[in-house]
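Note: the block below is start-v1.pdb and it holds PDB, N, CA and C atoms, pLDDT in the B column.
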```pdb
ATOM      1  N   MET X   1       0.862  -1.175   0.000  1.00 72.00           N
ATOM      2  CA  MET X   1       0.000   0.000   0.000  1.00 72.00           C
ATOM      3  C   MET X   1       0.904   1.232   0.000  1.00 72.00           C
ATOM      4  N   ASP X   2       0.755   2.076  -1.024  1.00 90.00           N
ATOM      5  CA  ASP X   2       1.576   3.289  -1.044  1.00 90.00           C
ATOM      6  C   ASP X   2       0.926   4.368  -0.170  1.00 90.00           C
ATOM      7  N   TRP X   3       1.654   5.454   0.051  1.00 93.00           N
ATOM      8  CA  TRP X   3       1.201   6.481   0.987  1.00 93.00           C
ATOM      9  C   TRP X   3      -0.079   7.168   0.550  1.00 93.00           C
ATOM     10  N   ARG X   4      -0.287   7.304  -0.757  1.00 95.00           N
ATOM     11  CA  ARG X   4      -1.561   7.908  -1.202  1.00 95.00           C
ATOM     12  C   ARG X   4      -2.731   7.030  -0.774  1.00 95.00           C
ATOM     13  N   GLN X   5      -2.553   5.711  -0.867  1.00 95.00           N
ATOM     14  CA  GLN X   5      -3.622   4.793  -0.478  1.00 95.00           C
ATOM     15  C   GLN X   5      -3.835   4.793   1.033  1.00 95.00           C
ATOM     16  N   VAL X   6      -2.762   4.963   1.789  1.00 96.00           N
ATOM     17  CA  VAL X   6      -2.876   5.049   3.251  1.00 96.00           C
ATOM     18  C   VAL X   6      -3.696   6.277   3.631  1.00 96.00           C
ATOM     19  N   VAL X   7      -3.344   7.431   3.057  1.00 96.00           N
ATOM     20  CA  VAL X   7      -4.080   8.664   3.336  1.00 96.00           C
ATOM     21  C   VAL X   7      -5.533   8.523   2.885  1.00 96.00           C
ATOM     22  N   ALA X   8      -5.740   7.950   1.711  1.00 96.00           N
ATOM     23  CA  ALA X   8      -7.094   7.775   1.168  1.00 96.00           C
ATOM     24  C   ALA X   8      -7.961   6.949   2.111  1.00 96.00           C
ATOM     25  N   ALA X   9      -7.442   5.804   2.539  1.00 96.00           N
ATOM     26  CA  ALA X   9      -8.218   4.918   3.414  1.00 96.00           C
ATOM     27  C   ALA X   9      -8.522   5.583   4.751  1.00 96.00           C
ATOM     28  N   ASN X  10      -7.534   6.265   5.317  1.00 96.00           N
ATOM     29  CA  ASN X  10      -7.741   6.919   6.613  1.00 96.00           C
ATOM     30  C   ASN X  10      -8.701   8.093   6.513  1.00 96.00           C
ATOM     31  N   LEU X  11      -8.562   8.897   5.469  1.00 97.00           N
ATOM     32  CA  LEU X  11      -9.473  10.032   5.289  1.00 97.00           C
ATOM     33  C   LEU X  11     -10.903   9.552   5.145  1.00 97.00           C
ATOM     34  N   ARG X  12     -11.113   8.555   4.299  1.00 97.00           N
ATOM     35  CA  ARG X  12     -12.461   8.014   4.073  1.00 97.00           C
ATOM     36  C   ARG X  12     -13.036   7.456   5.370  1.00 97.00           C
ATOM     37  N   ARG X  13     -12.230   6.671   6.111  1.00 96.00           N
ATOM     38  CA  ARG X  13     -12.692   6.063   7.358  1.00 96.00           C
ATOM     39  C   ARG X  13     -13.029   7.126   8.406  1.00 96.00           C
ATOM     40  N   ILE X  14     -12.131   8.066   8.604  1.00 97.00           N
ATOM     41  CA  ILE X  14     -12.342   9.109   9.617  1.00 97.00           C
ATOM     42  C   ILE X  14     -13.538   9.976   9.252  1.00 97.00           C
ATOM     43  N   ARG X  15     -13.649  10.347   7.983  1.00 97.00           N
ATOM     44  CA  ARG X  15     -14.786  11.172   7.547  1.00 97.00           C
ATOM     45  C   ARG X  15     -16.102  10.461   7.837  1.00 97.00           C
ATOM     46  N   ARG X  16     -16.170   9.184   7.508  1.00 97.00           N
ATOM     47  CA  ARG X  16     -17.401   8.420   7.746  1.00 97.00           C
ATOM     48  C   ARG X  16     -17.689   8.260   9.232  1.00 97.00           C
ATOM     49  N   GLU X  17     -16.650   7.997  10.029  1.00 97.00           N
ATOM     50  CA  GLU X  17     -16.832   7.859  11.475  1.00 97.00           C
ATOM     51  C   GLU X  17     -17.389   9.142  12.089  1.00 97.00           C
ATOM     52  N   ARG X  18     -16.990  10.287  11.544  1.00 97.00           N
ATOM     53  CA  ARG X  18     -17.444  11.580  12.069  1.00 97.00           C
ATOM     54  C   ARG X  18     -18.786  12.001  11.473  1.00 97.00           C
ATOM     55  N   GLY X  19     -19.308  11.220  10.510  1.00 97.00           N
ATOM     56  CA  GLY X  19     -20.625  11.493   9.931  1.00 97.00           C
ATOM     57  C   GLY X  19     -20.642  12.610   8.907  1.00 97.00           C
ATOM     58  N   PHE X  20     -19.502  12.893   8.282  1.00 97.00           N
ATOM     59  CA  PHE X  20     -19.429  13.938   7.272  1.00 97.00           C
ATOM     60  C   PHE X  20     -19.619  13.357   5.880  1.00 97.00           C
ATOM     61  N   SER X  21     -20.346  14.060   5.037  1.00 97.00           N
ATOM     62  CA  SER X  21     -20.335  13.752   3.607  1.00 97.00           C
ATOM     63  C   SER X  21     -19.105  14.435   3.015  1.00 97.00           C
ATOM     64  N   GLN X  22     -18.725  14.037   1.817  1.00 97.00           N
ATOM     65  CA  GLN X  22     -17.621  14.727   1.164  1.00 97.00           C
ATOM     66  C   GLN X  22     -17.949  16.199   0.973  1.00 97.00           C
ATOM     67  N   GLU X  23     -19.182  16.474   0.617  1.00 97.00           N
ATOM     68  CA  GLU X  23     -19.598  17.855   0.367  1.00 97.00           C
ATOM     69  C   GLU X  23     -19.503  18.711   1.634  1.00 97.00           C
ATOM     70  N   THR X  24     -19.975  18.187   2.742  1.00 97.00           N
ATOM     71  CA  THR X  24     -19.918  18.937   4.004  1.00 97.00           C
ATOM     72  C   THR X  24     -18.480  19.143   4.453  1.00 97.00           C
ATOM     73  N   LEU X  25     -17.673  18.096   4.353  1.00 97.00           N
ATOM     74  CA  LEU X  25     -16.262  18.220   4.723  1.00 97.00           C
ATOM     75  C   LEU X  25     -15.572  19.260   3.853  1.00 97.00           C
ATOM     76  N   ALA X  26     -15.847  19.237   2.567  1.00 97.00           N
ATOM     77  CA  ALA X  26     -15.243  20.200   1.644  1.00 97.00           C
ATOM     78  C   ALA X  26     -15.625  21.625   2.032  1.00 97.00           C
ATOM     79  N   TYR X  27     -16.886  21.831   2.332  1.00 97.00           N
ATOM     80  CA  TYR X  27     -17.359  23.160   2.710  1.00 97.00           C
ATOM     81  C   TYR X  27     -16.683  23.631   3.995  1.00 97.00           C
ATOM     82  N   GLU X  28     -16.673  22.763   5.013  1.00 97.00           N
ATOM     83  CA  GLU X  28     -16.111  23.139   6.311  1.00 97.00           C
ATOM     84  C   GLU X  28     -14.600  23.393   6.243  1.00 97.00           C
ATOM     85  N   ALA X  29     -13.896  22.632   5.388  1.00 97.00           N
ATOM     86  CA  ALA X  29     -12.446  22.772   5.278  1.00 97.00           C
ATOM     87  C   ALA X  29     -12.037  23.754   4.185  1.00 97.00           C
ATOM     88  N   ASP X  30     -13.008  24.302   3.463  1.00 97.00           N
ATOM     89  CA  ASP X  30     -12.745  25.229   2.367  1.00 97.00           C
ATOM     90  C   ASP X  30     -11.832  24.590   1.311  1.00 97.00           C
ATOM     91  N   ILE X  31     -12.229  23.372   0.907  1.00 96.00           N
ATOM     92  CA  ILE X  31     -11.519  22.594  -0.106  1.00 96.00           C
ATOM     93  C   ILE X  31     -12.545  22.148  -1.142  1.00 96.00           C
ATOM     94  N   ASN X  32     -12.140  22.071  -2.381  1.00 96.00           N
ATOM     95  CA  ASN X  32     -13.021  21.627  -3.452  1.00 96.00           C
ATOM     96  C   ASN X  32     -13.448  20.178  -3.213  1.00 96.00           C
ATOM     97  N   ARG X  33     -14.745  19.881  -3.364  1.00 96.00           N
ATOM     98  CA  ARG X  33     -15.237  18.531  -3.128  1.00 96.00           C
ATOM     99  C   ARG X  33     -14.610  17.521  -4.081  1.00 96.00           C
ATOM    100  N   GLY X  34     -14.381  17.915  -5.307  1.00 97.00           N
ATOM    101  CA  GLY X  34     -13.741  17.030  -6.269  1.00 97.00           C
ATOM    102  C   GLY X  34     -12.341  16.632  -5.833  1.00 97.00           C
ATOM    103  N   TYR X  35     -11.647  17.551  -5.183  1.00 97.00           N
ATOM    104  CA  TYR X  35     -10.307  17.263  -4.682  1.00 97.00           C
ATOM    105  C   TYR X  35     -10.372  16.239  -3.553  1.00 97.00           C
ATOM    106  N   ILE X  36     -11.363  16.361  -2.676  1.00 97.00           N
ATOM    107  CA  ILE X  36     -11.530  15.380  -1.602  1.00 97.00           C
ATOM    108  C   ILE X  36     -11.822  14.013  -2.194  1.00 97.00           C
ATOM    109  N   SER X  37     -12.631  13.970  -3.229  1.00 97.00           N
ATOM    110  CA  SER X  37     -12.917  12.708  -3.900  1.00 97.00           C
ATOM    111  C   SER X  37     -11.634  12.081  -4.446  1.00 97.00           C
ATOM    112  N   LYS X  38     -10.797  12.886  -5.070  1.00 97.00           N
ATOM    113  CA  LYS X  38      -9.518  12.379  -5.599  1.00 97.00           C
ATOM    114  C   LYS X  38      -8.614  11.890  -4.466  1.00 97.00           C
ATOM    115  N   LEU X  39      -8.607  12.600  -3.346  1.00 97.00           N
ATOM    116  CA  LEU X  39      -7.809  12.161  -2.203  1.00 97.00           C
ATOM    117  C   LEU X  39      -8.290  10.807  -1.697  1.00 97.00           C
ATOM    118  N   GLU X  40      -9.603  10.645  -1.595  1.00 97.00           N
ATOM    119  CA  GLU X  40     -10.157   9.396  -1.074  1.00 97.00           C
ATOM    120  C   GLU X  40      -9.987   8.232  -2.044  1.00 97.00           C
ATOM    121  N   LYS X  41      -9.771   8.518  -3.293  1.00 96.00           N
ATOM    122  CA  LYS X  41      -9.502   7.465  -4.280  1.00 96.00           C
ATOM    123  C   LYS X  41      -8.010   7.170  -4.384  1.00 96.00           C
ATOM    124  N   GLY X  42      -7.185   7.996  -3.746  1.00 95.00           N
ATOM    125  CA  GLY X  42      -5.743   7.831  -3.841  1.00 95.00           C
ATOM    126  C   GLY X  42      -5.202   8.284  -5.180  1.00 95.00           C
ATOM    127  N   ALA X  43      -5.945   9.149  -5.855  1.00 96.00           N
ATOM    128  CA  ALA X  43      -5.571   9.597  -7.200  1.00 96.00           C
ATOM    129  C   ALA X  43      -4.633  10.802  -7.182  1.00 96.00           C
ATOM    130  N   THR X  44      -4.479  11.437  -6.025  1.00 95.00           N
ATOM    131  CA  THR X  44      -3.615  12.607  -5.933  1.00 95.00           C
ATOM    132  C   THR X  44      -2.981  12.659  -4.550  1.00 95.00           C
ATOM    133  N   TRP X  45      -1.890  13.399  -4.449  1.00 94.00           N
ATOM    134  CA  TRP X  45      -1.198  13.580  -3.182  1.00 94.00           C
ATOM    135  C   TRP X  45      -1.840  14.717  -2.393  1.00 94.00           C
ATOM    136  N   ALA X  46      -1.836  14.588  -1.086  1.00 92.00           N
ATOM    137  CA  ALA X  46      -2.340  15.647  -0.214  1.00 92.00           C
ATOM    138  C   ALA X  46      -1.159  16.435   0.342  1.00 92.00           C
ATOM    139  N   GLY X  47      -1.226  17.744   0.216  1.00 93.00           N
ATOM    140  CA  GLY X  47      -0.200  18.594   0.807  1.00 93.00           C
ATOM    141  C   GLY X  47      -0.450  18.769   2.291  1.00 93.00           C
ATOM    142  N   LEU X  48       0.565  19.229   2.980  1.00 95.00           N
ATOM    143  CA  LEU X  48       0.470  19.422   4.423  1.00 95.00           C
ATOM    144  C   LEU X  48      -0.636  20.408   4.793  1.00 95.00           C
ATOM    145  N   GLU X  49      -0.764  21.486   4.034  1.00 96.00           N
ATOM    146  CA  GLU X  49      -1.808  22.480   4.318  1.00 96.00           C
ATOM    147  C   GLU X  49      -3.198  21.843   4.251  1.00 96.00           C
ATOM    148  N   ILE X  50      -3.418  20.973   3.276  1.00 96.00           N
ATOM    149  CA  ILE X  50      -4.712  20.293   3.130  1.00 96.00           C
ATOM    150  C   ILE X  50      -4.940  19.345   4.300  1.00 96.00           C
ATOM    151  N   LEU X  51      -3.921  18.570   4.667  1.00 96.00           N
ATOM    152  CA  LEU X  51      -4.066  17.644   5.793  1.00 96.00           C
ATOM    153  C   LEU X  51      -4.376  18.384   7.086  1.00 96.00           C
ATOM    154  N   VAL X  52      -3.781  19.553   7.267  1.00 97.00           N
ATOM    155  CA  VAL X  52      -4.043  20.353   8.466  1.00 97.00           C
ATOM    156  C   VAL X  52      -5.486  20.863   8.461  1.00 97.00           C
ATOM    157  N   LYS X  53      -5.958  21.335   7.320  1.00 97.00           N
ATOM    158  CA  LYS X  53      -7.353  21.808   7.224  1.00 97.00           C
ATOM    159  C   LYS X  53      -8.328  20.674   7.520  1.00 97.00           C
ATOM    160  N   LEU X  54      -8.085  19.508   6.915  1.00 98.00           N
ATOM    161  CA  LEU X  54      -8.974  18.366   7.127  1.00 98.00           C
ATOM    162  C   LEU X  54      -8.940  17.900   8.579  1.00 98.00           C
ATOM    163  N   SER X  55      -7.756  17.860   9.157  1.00 98.00           N
ATOM    164  CA  SER X  55      -7.646  17.408  10.544  1.00 98.00           C
ATOM    165  C   SER X  55      -8.356  18.353  11.504  1.00 98.00           C
ATOM    166  N   ALA X  56      -8.318  19.650  11.221  1.00 98.00           N
ATOM    167  CA  ALA X  56      -8.997  20.621  12.086  1.00 98.00           C
ATOM    168  C   ALA X  56     -10.510  20.401  12.065  1.00 98.00           C
ATOM    169  N   VAL X  57     -11.055  20.166  10.897  1.00 98.00           N
ATOM    170  CA  VAL X  57     -12.502  19.957  10.773  1.00 98.00           C
ATOM    171  C   VAL X  57     -12.910  18.619  11.390  1.00 98.00           C
ATOM    172  N   LEU X  58     -12.092  17.588  11.183  1.00 98.00           N
ATOM    173  CA  LEU X  58     -12.432  16.243  11.662  1.00 98.00           C
ATOM    174  C   LEU X  58     -11.979  15.980  13.098  1.00 98.00           C
ATOM    175  N   HIS X  59     -11.294  16.959  13.717  1.00 98.00           N
ATOM    176  CA  HIS X  59     -10.829  16.863  15.108  1.00 98.00           C
ATOM    177  C   HIS X  59      -9.910  15.657  15.325  1.00 98.00           C
ATOM    178  N   VAL X  60      -8.921  15.527  14.434  1.00 97.00           N
ATOM    179  CA  VAL X  60      -7.876  14.522  14.565  1.00 97.00           C
ATOM    180  C   VAL X  60      -6.531  15.206  14.340  1.00 97.00           C
ATOM    181  N   GLU X  61      -5.462  14.505  14.603  1.00 97.00           N
ATOM    182  CA  GLU X  61      -4.127  15.011  14.319  1.00 97.00           C
ATOM    183  C   GLU X  61      -3.800  14.747  12.854  1.00 97.00           C
ATOM    184  N   PRO X  62      -3.054  15.631  12.188  1.00 96.00           N
ATOM    185  CA  PRO X  62      -2.669  15.371  10.795  1.00 96.00           C
ATOM    186  C   PRO X  62      -1.965  14.027  10.634  1.00 96.00           C
ATOM    187  N   ALA X  63      -1.215  13.610  11.622  1.00 96.00           N
ATOM    188  CA  ALA X  63      -0.504  12.328  11.563  1.00 96.00           C
ATOM    189  C   ALA X  63      -1.450  11.131  11.497  1.00 96.00           C
ATOM    190  N   ASP X  64      -2.700  11.310  11.950  1.00 96.00           N
ATOM    191  CA  ASP X  64      -3.662  10.203  11.902  1.00 96.00           C
ATOM    192  C   ASP X  64      -3.935   9.750  10.473  1.00 96.00           C
ATOM    193  N   PHE X  65      -3.755  10.631   9.506  1.00 96.00           N
ATOM    194  CA  PHE X  65      -3.971  10.259   8.109  1.00 96.00           C
ATOM    195  C   PHE X  65      -2.842   9.380   7.571  1.00 96.00           C
ATOM    196  N   LEU X  66      -1.714   9.327   8.296  1.00 95.00           N
ATOM    197  CA  LEU X  66      -0.543   8.586   7.825  1.00 95.00           C
ATOM    198  C   LEU X  66      -0.324   7.265   8.559  1.00 95.00           C
ATOM    199  N   GLN X  67      -1.275   6.855   9.367  1.00 94.00           N
ATOM    200  CA  GLN X  67      -1.147   5.602  10.105  1.00 94.00           C
ATOM    201  C   GLN X  67      -1.450   4.421   9.191  1.00 94.00           C
ATOM    202  N   ARG X  68      -0.457   3.564   9.002  1.00 91.00           N
ATOM    203  CA  ARG X  68      -0.680   2.361   8.192  1.00 91.00           C
ATOM    204  C   ARG X  68      -1.627   1.424   8.934  1.00 91.00           C
ATOM    205  N   PRO X  69      -2.502   0.738   8.191  1.00 79.00           N
ATOM    206  CA  PRO X  69      -3.421  -0.205   8.849  1.00 79.00           C
ATOM    207  C   PRO X  69      -2.642  -1.374   9.452  1.00 79.00           C
ATOM    208  N   ILE X  70      -3.153  -1.892  10.528  1.00 77.00           N
ATOM    209  CA  ILE X  70      -2.528  -3.039  11.187  1.00 77.00           C
ATOM    210  C   ILE X  70      -2.912  -4.289  10.410  1.00 77.00           C
ATOM    211  N   ARG X  71      -1.892  -5.026  10.031  1.00 70.00           N
ATOM    212  CA  ARG X  71      -2.156  -6.270   9.296  1.00 70.00           C
ATOM    213  C   ARG X  71      -2.510  -7.366  10.281  1.00 70.00           C
ATOM    214  N   LYS X  72      -3.561  -8.097   9.947  1.00 65.00           N
ATOM    215  CA  LYS X  72      -3.985  -9.212  10.796  1.00 65.00           C
ATOM    216  C   LYS X  72      -3.236 -10.457  10.357  1.00 65.00           C
ATOM    217  N   ALA X  73      -2.886 -11.272  11.311  1.00 58.00           N
ATOM    218  CA  ALA X  73      -2.183 -12.518  11.019  1.00 58.00           C
ATOM    219  C   ALA X  73      -3.111 -13.463  10.266  1.00 58.00           C
ATOM    220  N   ALA X  74      -2.537 -14.198   9.351  1.00 58.00           N
ATOM    221  CA  ALA X  74      -3.318 -15.173   8.587  1.00 58.00           C
ATOM    222  C   ALA X  74      -3.777 -16.295   9.517  1.00 58.00           C
ATOM    223  N   ARG X  75      -4.985 -16.753   9.292  1.00 61.00           N
ATOM    224  CA  ARG X  75      -5.531 -17.840  10.121  1.00 61.00           C
ATOM    225  C   ARG X  75      -4.980 -19.166   9.638  1.00 61.00           C
ATOM    226  N   LYS X  76      -4.693 -20.025  10.594  1.00 62.00           N
ATOM    227  CA  LYS X  76      -4.261 -21.380  10.254  1.00 62.00           C
ATOM    228  C   LYS X  76      -5.484 -22.274  10.194  1.00 62.00           C
ATOM    229  N   SER X  77      -5.538 -23.094   9.186  1.00 56.00           N
ATOM    230  CA  SER X  77      -6.694 -23.995   9.037  1.00 56.00           C
ATOM    231  C   SER X  77      -6.475 -25.299   9.738  1.00 56.00           C
TER     232      SER X  77
END
```

Represent the structure of the file as structure tokens.
Amino acid sequence: MDWRQVVAANLRRIRRERGFSQETLAYEADINRGYISKLEKGATWAGLEILVKLSAVLHVEPADFLQRPIRKAARKS
């Protein structure tokens, strides 16, 4: 998983957990909704200024967007 995908997955998860639509998040963070869509698809890189704006609206630390998911151990049959 590359870093764009890490940010994409975390942004999408956090946004949904907080009950924001992309449109509402875009409005509150003063970011274009299409850009948020591209971020959540991993189609573009997020700059630090954008991560700070998003984190302020979502009440998380900017570093939370960079947390790699914990891999679960494979089950033995």

With 8 Å on each side, where is the centre of the axis-aligned box around all listed atoms of range 2-13 of chain X, and how long are its edges in Å to one decimal, as lines of an AutoDock Vina configuration file?
```
center_x = -5.7
center_y = 6.1
center_z = 3.6
size_x = 30.7
size_y = 24.0
size_z = 25.6
```

- Task: Would you mind telling me which residue in X:Glu40, X:Glu49, X:Glu61, X:Asp30 lies nearest to Arg13 in chain X when using only C-alpha atoms?
- Result: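 Distance minimum relative to Arg13 in chain X lands on X:Glu40.
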
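Using only C-alpha atoms, the smallest distance between any of X:Ile50, X:Asp64, X:Arg71, X:His59 and Phe20 in chain X comes from X:His59.
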
- d(atom C of Val7 in chain X, atom C of Phe65 in chain X) in Å: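 Atom-to-atom, atom C of Val7 in chain X and atom C of Phe65 in chain X are spaced 5.5 Å apart.
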
Can you spell out as a PDB file with N, CA and C atoms, in the frame of the given file the set of residues that the PyMOL selection byres (((chain X and resi 8-12 and name CA) around 9) and name CA) selects in the structure I just provided?
```pdb
ATOM      1  N   TRP X   3       1.654   5.454   0.051  1.00 93.00           N
ATOM      2  CA  TRP X   3       1.201   6.481   0.987  1.00 93.00           C
ATOM      3  C   TRP X   3      -0.079   7.168   0.550  1.00 93.00           C
ATOM      4  N   ARG X   4      -0.287   7.304  -0.757  1.00 95.00           N
ATOM      5  CA  ARG X   4      -1.561   7.908  -1.202  1.00 95.00           C
ATOM      6  C   ARG X   4      -2.731   7.030  -0.774  1.00 95.00           C
ATOM      7  N   GLN X   5      -2.553   5.711  -0.867  1.00 95.00           N
ATOM      8  CA  GLN X   5      -3.622   4.793  -0.478  1.00 95.00           C
ATOM      9  C   GLN X   5      -3.835   4.793   1.033  1.00 95.00           C
ATOM     10  N   VAL X   6      -2.762   4.963   1.789  1.00 96.00           N
ATOM     11  CA  VAL X   6      -2.876   5.049   3.251  1.00 96.00           C
ATOM     12  C   VAL X   6      -3.696   6.277   3.631  1.00 96.00           C
ATOM     13  N   VAL X   7      -3.344   7.431   3.057  1.00 96.00           N
ATOM     14  CA  VAL X   7      -4.080   8.664   3.336  1.00 96.00           C
ATOM     15  C   VAL X   7      -5.533   8.523   2.885  1.00 96.00           C
ATOM     16  N   ARG X  13     -12.230   6.671   6.111  1.00 96.00           N
ATOM     17  CA  ARG X  13     -12.692   6.063   7.358  1.00 96.00           C
ATOM     18  C   ARG X  13     -13.029   7.126   8.406  1.00 96.00           C
ATOM     19  N   ILE X  14     -12.131   8.066   8.604  1.00 97.00           N
ATOM     20  CA  ILE X  14     -12.342   9.109   9.617  1.00 97.00           C
ATOM     21  C   ILE X  14     -13.538   9.976   9.252  1.00 97.00           C
ATOM     22  N   ARG X  15     -13.649  10.347   7.983  1.00 97.00           N
ATOM     23  CA  ARG X  15     -14.786  11.172   7.547  1.00 97.00           C
ATOM     24  C   ARG X  15     -16.102  10.461   7.837  1.00 97.00           C
ATOM     25  N   ARG X  16     -16.170   9.184   7.508  1.00 97.00           N
ATOM     26  CA  ARG X  16     -17.401   8.420   7.746  1.00 97.00           C
ATOM     27  C   ARG X  16     -17.689   8.260   9.232  1.00 97.00           C
ATOM     28  N   GLU X  17     -16.650   7.997  10.029  1.00 97.00           N
ATOM     29  CA  GLU X  17     -16.832   7.859  11.475  1.00 97.00           C
ATOM     30  C   GLU X  17     -17.389   9.142  12.089  1.00 97.00           C
ATOM     31  N   GLN X  22     -18.725  14.037   1.817  1.00 97.00           N
ATOM     32  CA  GLN X  22     -17.621  14.727   1.164  1.00 97.00           C
ATOM     33  C   GLN X  22     -17.949  16.199   0.973  1.00 97.00           C
ATOM     34  N   ILE X  36     -11.363  16.361  -2.676  1.00 97.00           N
ATOM     35  CA  ILE X  36     -11.530  15.380  -1.602  1.00 97.00           C
ATOM     36  C   ILE X  36     -11.822  14.013  -2.194  1.00 97.00           C
ATOM     37  N   LYS X  38     -10.797  12.886  -5.070  1.00 97.00           N
ATOM     38  CA  LYS X  38      -9.518  12.379  -5.599  1.00 97.00           C
ATOM     39  C   LYS X  38      -8.614  11.890  -4.466  1.00 97.00           C
ATOM     40  N   LEU X  39      -8.607  12.600  -3.346  1.00 97.00           N
ATOM     41  CA  LEU X  39      -7.809  12.161  -2.203  1.00 97.00           C
ATOM     42  C   LEU X  39      -8.290  10.807  -1.697  1.00 97.00           C
ATOM     43  N   GLU X  40      -9.603  10.645  -1.595  1.00 97.00           N
ATOM     44  CA  GLU X  40     -10.157   9.396  -1.074  1.00 97.00           C
ATOM     45  C   GLU X  40      -9.987   8.232  -2.044  1.00 97.00           C
ATOM     46  N   LYS X  41      -9.771   8.518  -3.293  1.00 96.00           N
ATOM     47  CA  LYS X  41      -9.502   7.465  -4.280  1.00 96.00           C
ATOM     48  C   LYS X  41      -8.010   7.170  -4.384  1.00 96.00           C
ATOM     49  N   GLY X  42      -7.185   7.996  -3.746  1.00 95.00           N
ATOM     50  CA  GLY X  42      -5.743   7.831  -3.841  1.00 95.00           C
ATOM     51  C   GLY X  42      -5.202   8.284  -5.180  1.00 95.00           C
ATOM     52  N   ALA X  43      -5.945   9.149  -5.855  1.00 96.00           N
ATOM     53  CA  ALA X  43      -5.571   9.597  -7.200  1.00 96.00           C
ATOM     54  C   ALA X  43      -4.633  10.802  -7.182  1.00 96.00           C
ATOM     55  N   LEU X  54      -8.085  19.508   6.915  1.00 98.00           N
ATOM     56  CA  LEU X  54      -8.974  18.366   7.127  1.00 98.00           C
ATOM     57  C   LEU X  54      -8.940  17.900   8.579  1.00 98.00           C
ATOM     58  N   ASP X  64      -2.700  11.310  11.950  1.00 96.00           N
ATOM     59  CA  ASP X  64      -3.662  10.203  11.902  1.00 96.00           C
ATOM     60  C   ASP X  64      -3.935   9.750  10.473  1.00 96.00           C
ATOM     61  N   PHE X  65      -3.755  10.631   9.506  1.00 96.00           N
ATOM     62  CA  PHE X  65      -3.971  10.259   8.109  1.00 96.00           C
ATOM     63  C   PHE X  65      -2.842   9.380   7.571  1.00 96.00           C
ATOM     64  N   LEU X  66      -1.714   9.327   8.296  1.00 95.00           N
ATOM     65  CA  LEU X  66      -0.543   8.586   7.825  1.00 95.00           C
ATOM     66  C   LEU X  66      -0.324   7.265   8.559  1.00 95.00           C
ATOM     67  N   GLN X  67      -1.275   6.855   9.367  1.00 94.00           N
ATOM     68  CA  GLN X  67      -1.147   5.602  10.105  1.00 94.00           C
ATOM     69  C   GLN X  67      -1.450   4.421   9.191  1.00 94.00           C
ATOM     70  N   ARG X  68      -0.457   3.564   9.002  1.00 91.00           N
ATOM     71  CA  ARG X  68      -0.680   2.361   8.192  1.00 91.00           C
ATOM     72  C   ARG X  68      -1.627   1.424   8.934  1.00 91.00           C
ATOM     73  N   PRO X  69      -2.502   0.738   8.191  1.00 79.00           N
ATOM     74  CA  PRO X  69      -3.421  -0.205   8.849  1.00 79.00           C
ATOM     75  C   PRO X  69      -2.642  -1.374   9.452  1.00 79.00           C
TER      76      PRO X  69
END
```

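Counting only C-alpha atoms, the residue from X:Lys53, X:Pro62, X:Met1, X:Ile70 that sits nearest to Tyr27 in chain X is X:Lys53.
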
- Would you list the contacts of Arg33 in chain X as number ranges by chain, taking every protein, DNA or RNA residue within 6 Å and counting only N, CA and C atoms, but skipping same-chain residues closer than 4 positions in sequence? X: 22-23, 26, 37

- Kindly give the distance, in Å, that separates CA of Leu25 in chain X and CA of Ala46 in chain X, rounded to a single decimal.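 If I compute the distance from CA of Leu25 in chain X to CA of Ala46 in chain X, I get 15.0 Å.
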
- Message: Could you tell me how far CA of Gly47 in chain X sits from atom N of Asp2 in chain X, in Å to one decimal place?
- Response: 16.6 Å
